[in-house]
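So this one's query-v9.tsv, TSV, C-alpha atoms:
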chain	number	residue	atom	x	y	z
I	1345	MET	CA	49.30	6.51	-27.95
I	1346	SER	CA	49.80	6.49	-24.20
I	1347	THR	CA	47.47	7.95	-21.62
I	1348	SER	CA	49.85	10.86	-21.08
I	1349	ASP	CA	49.35	11.83	-24.75
I	1350	VAL	CA	45.56	12.14	-24.38
I	1351	VAL	CA	44.49	15.74	-24.26
I	1352	GLN	CA	42.18	16.41	-21.34
I	1353	PRO	CA	39.50	19.05	-21.89
I	1354	ASN	CA	39.86	22.24	-19.89
I	1355	PRO	CA	37.24	22.32	-17.15
I	1356	ASP	CA	34.71	25.09	-17.48
I	1357	PRO	CA	35.38	27.48	-14.61
I	1358	SER	CA	31.65	28.33	-14.38
I	1359	GLU	CA	30.75	24.73	-13.57
I	1360	PRO	CA	31.52	23.51	-10.08
I	1361	THR	CA	33.75	20.49	-9.97
I	1362	GLU	CA	32.08	19.13	-6.85
I	1363	ARG	CA	28.51	19.44	-5.66
I	1364	PRO	CA	28.29	21.25	-2.37
I	1365	GLU	CA	26.62	19.25	0.35
I	1366	LEU	CA	23.19	20.47	1.36
I	1367	ASP	CA	22.17	20.62	4.94
I	1368	PRO	CA	19.71	17.91	6.03
I	1369	VAL	CA	16.80	20.35	6.32
I	1370	ALA	CA	17.25	21.53	2.74
I	1371	THR	CA	17.58	17.95	1.51
I	1372	ALA	CA	14.37	16.96	3.29
I	1373	GLU	CA	12.52	19.96	1.88
I	1374	ILE	CA	13.68	19.18	-1.66
I	1375	ALA	CA	12.44	15.60	-1.27
I	1376	HIS	CA	9.12	16.85	0.11
I	1377	LEU	CA	8.65	19.28	-2.82
I	1378	ARG	CA	9.46	16.56	-5.36
I	1379	THR	CA	6.87	14.27	-3.77
I	1380	ALA	CA	4.31	17.07	-3.72
I	1381	LEU	CA	4.82	17.71	-7.44
I	1382	GLU	CA	4.44	14.03	-8.26
I	1383	THR	CA	1.32	13.57	-6.14
I	1384	ARG	CA	-0.26	16.78	-7.42
I	1385	ASP	CA	-0.23	15.37	-10.94
I	1386	VAL	CA	-1.94	12.11	-9.94
I	1387	ILE	CA	-4.57	13.90	-7.85
I	1388	GLY	CA	-5.16	16.35	-10.70
I	1389	GLN	CA	-5.75	13.47	-13.12
I	1390	ALA	CA	-8.25	11.87	-10.75
I	1391	LYS	CA	-10.03	15.19	-10.23
I	1392	GLY	CA	-10.33	15.59	-13.98
I	1393	ILE	CA	-11.84	12.13	-14.35
I	1394	ILE	CA	-14.27	12.80	-11.51
I	1395	ARG	CA	-15.21	16.14	-13.06
I	1396	LEU	CA	-15.85	14.52	-16.40
I	1397	LEU	CA	-17.97	11.72	-14.99
I	1398	THR	CA	-19.93	13.65	-12.38
I	1399	ARG	CA	-20.02	17.10	-14.00
I	1400	VAL	CA	-18.86	18.94	-10.87
I	1401	ASP	CA	-16.27	21.68	-10.46
I	1402	GLY	CA	-12.70	21.19	-9.23
I	1403	PRO	CA	-13.27	21.78	-5.50
I	1404	CYS	CA	-16.28	19.43	-5.51
I	1405	ALA	CA	-14.24	16.80	-7.32
I	1406	PHE	CA	-11.53	16.99	-4.68
I	1407	GLN	CA	-14.15	16.87	-1.92
I	1408	LEU	CA	-15.61	13.71	-3.46
I	1409	LEU	CA	-12.12	12.22	-3.73
I	1410	ALA	CA	-11.45	13.01	-0.06
I	1411	LYS	CA	-14.77	11.51	1.05
I	1412	ILE	CA	-14.12	8.32	-0.91
I	1413	SER	CA	-10.69	8.19	0.70
I	1414	GLN	CA	-12.20	8.47	4.17
I	1415	ASP	CA	-14.95	5.92	3.46
I	1416	CYS	CA	-12.44	3.38	2.19
I	1417	ASN	CA	-9.75	4.15	4.78
I	1418	ARG	CA	-7.23	4.77	1.99
I	1419	ARG	CA	-4.93	7.70	1.36
I	1420	VAL	CA	-6.24	10.31	-1.08
I	1421	LEU	CA	-3.18	9.70	-3.26
I	1422	ASP	CA	-3.89	5.94	-3.38
I	1423	VAL	CA	-7.54	6.48	-4.36
I	1424	ALA	CA	-6.49	9.04	-6.97
I	1425	ALA	CA	-3.91	6.64	-8.43
I	1426	LEU	CA	-6.49	3.86	-8.65
I	1427	ILE	CA	-8.99	6.13	-10.39
I	1428	ALA	CA	-6.38	7.36	-12.88
I	1429	ASP	CA	-5.03	3.86	-13.54
I	1430	CYS	CA	-8.47	2.31	-13.97
I	1431	ALA	CA	-9.49	5.08	-16.35
I	1432	THR	CA	-6.50	4.46	-18.60
I	1433	THR	CA	-6.66	0.66	-18.49
I	1434	ALA	CA	-10.47	0.27	-18.42
I	1435	ALA	CA	-10.05	-1.99	-15.39
I	1436	PRO	CA	-12.81	-1.82	-12.78
I	1437	LEU	CA	-12.28	0.14	-9.61
I	1438	PRO	CA	-12.05	-1.84	-6.38
I	1439	GLN	CA	-15.49	-2.57	-4.93
I	1440	ASP	CA	-15.09	-0.35	-1.86
I	1441	ILE	CA	-14.18	2.67	-3.99
I	1442	THR	CA	-17.03	1.98	-6.44
I	1443	ALA	CA	-19.56	1.69	-3.59
I	1444	SER	CA	-18.35	4.91	-1.96
I	1445	TRP	CA	-18.33	6.77	-5.28
I	1446	ARG	CA	-21.94	5.75	-5.96
I	1447	ARG	CA	-23.01	6.67	-2.45
I	1448	ARG	CA	-21.19	10.01	-2.46
I	1449	SER	CA	-21.69	11.15	-6.06
I	1450	PRO	CA	-24.12	13.94	-6.86
I	1451	ALA	CA	-27.59	12.83	-7.91
I	1452	THR	CA	-28.02	12.01	-11.56
I	1453	ASP	CA	-30.62	14.77	-11.84
I	1454	PRO	CA	-29.43	17.16	-14.58
I	1455	GLU	CA	-30.17	20.13	-12.33
I	1456	THR	CA	-27.61	19.03	-9.74
I	1457	THR	CA	-25.01	17.57	-12.07
I	1458	GLN	CA	-24.58	20.62	-14.27
I	1459	PRO	CA	-21.54	22.77	-13.62
I	1460	PRO	CA	-22.35	25.54	-11.11
I	1461	HIS	CA	-22.25	28.34	-13.67
I	1462	ARG	CA	-24.96	26.60	-15.72
I	1463	ARG	CA	-27.34	25.75	-12.85
I	1464	ALA	CA	-28.69	29.27	-12.50
I	1465	HIS	CA	-29.70	29.33	-16.16
I	1466	SER	CA	-31.06	25.80	-16.46
I	1467	THR	CA	-34.66	26.91	-15.79
I	1468	ASP	CA	-34.48	29.56	-18.50
I	1469	ASN	CA	-36.01	28.68	-21.83
I	1470	HIS	CA	-33.16	30.36	-23.67
I	1471	ASN	CA	-30.76	28.35	-25.78
I	1472	THR	CA	-27.68	30.11	-24.48
I	1473	PRO	CA	-24.59	28.17	-23.50
As structure tokens, how would this structure be written, given the file I've shared?
Amino acid sequence: MSTSDVVQPNPDPSEPTERPELDPVATAEIAHLRTALETRDVIGQAKGIIRLLTRVDGPCAFQLLAKISQDCNRRVLDVAALIADCATTAAPLPQDITASWRRRSPATDPETTQPPHRRAHSTDNHNTP
């Protein structure tokens, strides 16, 4: 069988045969949005870990993450990645991040570490959640 005998599939007219070129501004914006989506996931993981360990709400967790970032002179994304990686591998956090976390974390007093919606009811003698 020769190559001229091979039946070529009919191209689907709804599919473009060539990708149109995007202007540089659109290309840059697409790259920026992709990066934002990737970083959002890592920062969200770190916020969840901080929330679990310190019993604070989401905005407080991000504020703690930002303060640690400033203390350690590291990007928020880098601190978040280290927190997420160390949580999954059980490796220790770098010393500067550990020191900042301890210095910046809420007190271990149950009154201040409870989620905000529970603080108002913590002095009540009721057994309500």
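Nearest to I:Ala1425 of all the residues I:Asp1440, I:Asp1401, I:Glu1382, I:Glu1373 is I:Glu1382, based on all atoms listed in the file.
Restricting the calculation to all atoms listed in the file, the smallest distance between I:Trp1445 and any of I:Arg1399, I:Lys1411, I:His1376, I:Arg1384 is found for I:Lys1411.
Here the question is which of I:Ala1443, I:Ser1449, I:Thr1432, I:Pro1368 gets nearest to I:Gln1389 using all atoms listed in the file, and that residue is I:Thr1432.
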Straight-line distance linking atom CA of I:Ala1424 with atom CA of I:Ile1374, stated in Å to one decimal: 23.2 Å
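The spacing separating atom CA of I:Arg1446 from atom CA of I:Ala1380 amounts to 28.7 Å.
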Distance query I:Ile1441 at most 9 Å, all atoms listed in the file, self and fewer than 2 positions along chain excluded, as a PDB file with C-alpha atoms, in the frame of the given file:
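As a result, selection26.pdb now contains:
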ATOM      1  CA  ILE I1412     -14.120   8.320  -0.910  1.00  0.00           C
ATOM      2  CA  SER I1413     -10.690   8.190   0.700  1.00  0.00           C
ATOM      3  CA  ASP I1415     -14.950   5.920   3.460  1.00  0.00           C
ATOM      4  CA  CYS I1416     -12.440   3.380   2.190  1.00  0.00           C
ATOM      5  CA  VAL I1423      -7.540   6.480  -4.360  1.00  0.00           C
ATOM      6  CA  ILE I1427      -8.990   6.130 -10.390  1.00  0.00           C
ATOM      7  CA  LEU I1437     -12.280   0.140  -9.610  1.00  0.00           C
ATOM      8  CA  PRO I1438     -12.050  -1.840  -6.380  1.00  0.00           C
ATOM      9  CA  GLN I1439     -15.490  -2.570  -4.930  1.00  0.00           C
ATOM     10  CA  ALA I1443     -19.560   1.690  -3.590  1.00  0.00           C
ATOM     11  CA  SER I1444     -18.350   4.910  -1.960  1.00  0.00           C
ATOM     12  CA  TRP I1445     -18.330   6.770  -5.280  1.00  0.00           C
ATOM     13  CA  ARG I1446     -21.940   5.750  -5.960  1.00  0.00           C
TER      14      ARG I1446
END
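Atom CA of I:Leu1381 is positioned 18.1 Å from atom CA of I:Asp1429.
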Non-local contacts of I:Ala1428 (12 Å; only C-alpha atoms; under 3 positions in same chain excluded) as a ChimeraX atom specification: /I:1383,1385-1394,1409,1421-1425,1431-1437
Using C-alpha atoms, can you write the selected residues to a file as a PDB file, in the coordinates of the input?
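Okay, selection.pdb is ready:
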ATOM      1  CA  THR I1383       1.320  13.570  -6.140  1.00  0.00           C
ATOM      2  CA  ASP I1385      -0.230  15.370 -10.940  1.00  0.00           C
ATOM      3  CA  VAL I1386      -1.940  12.110  -9.940  1.00  0.00           C
ATOM      4  CA  ILE I1387      -4.570  13.900  -7.850  1.00  0.00           C
ATOM      5  CA  GLY I1388      -5.160  16.350 -10.700  1.00  0.00           C
ATOM      6  CA  GLN I1389      -5.750  13.470 -13.120  1.00  0.00           C
ATOM      7  CA  ALA I1390      -8.250  11.870 -10.750  1.00  0.00           C
ATOM      8  CA  LYS I1391     -10.030  15.190 -10.230  1.00  0.00           C
ATOM      9  CA  GLY I1392     -10.330  15.590 -13.980  1.00  0.00           C
ATOM     10  CA  ILE I1393     -11.840  12.130 -14.350  1.00  0.00           C
ATOM     11  CA  ILE I1394     -14.270  12.800 -11.510  1.00  0.00           C
ATOM     12  CA  LEU I1409     -12.120  12.220  -3.730  1.00  0.00           C
ATOM     13  CA  LEU I1421      -3.180   9.700  -3.260  1.00  0.00           C
ATOM     14  CA  ASP I1422      -3.890   5.940  -3.380  1.00  0.00           C
ATOM     15  CA  VAL I1423      -7.540   6.480  -4.360  1.00  0.00           C
ATOM     16  CA  ALA I1424      -6.490   9.040  -6.970  1.00  0.00           C
ATOM     17  CA  ALA I1425      -3.910   6.640  -8.430  1.00  0.00           C
ATOM     18  CA  ALA I1431      -9.490   5.080 -16.350  1.00  0.00           C
ATOM     19  CA  THR I1432      -6.500   4.460 -18.600  1.00  0.00           C
ATOM     20  CA  THR I1433      -6.660   0.660 -18.490  1.00  0.00           C
ATOM     21  CA  ALA I1434     -10.470   0.270 -18.420  1.00  0.00           C
ATOM     22  CA  ALA I1435     -10.050  -1.990 -15.390  1.00  0.00           C
ATOM     23  CA  PRO I1436     -12.810  -1.820 -12.780  1.00  0.00           C
ATOM     24  CA  LEU I1437     -12.280   0.140  -9.610  1.00  0.00           C
TER      25      LEU I1437
END
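Residue nearest I:Gln1407, chosen from I:Val1420, I:Leu1426, I:Ala1375, I:Ala1370 and counting only C-alpha atoms: I:Val1420.
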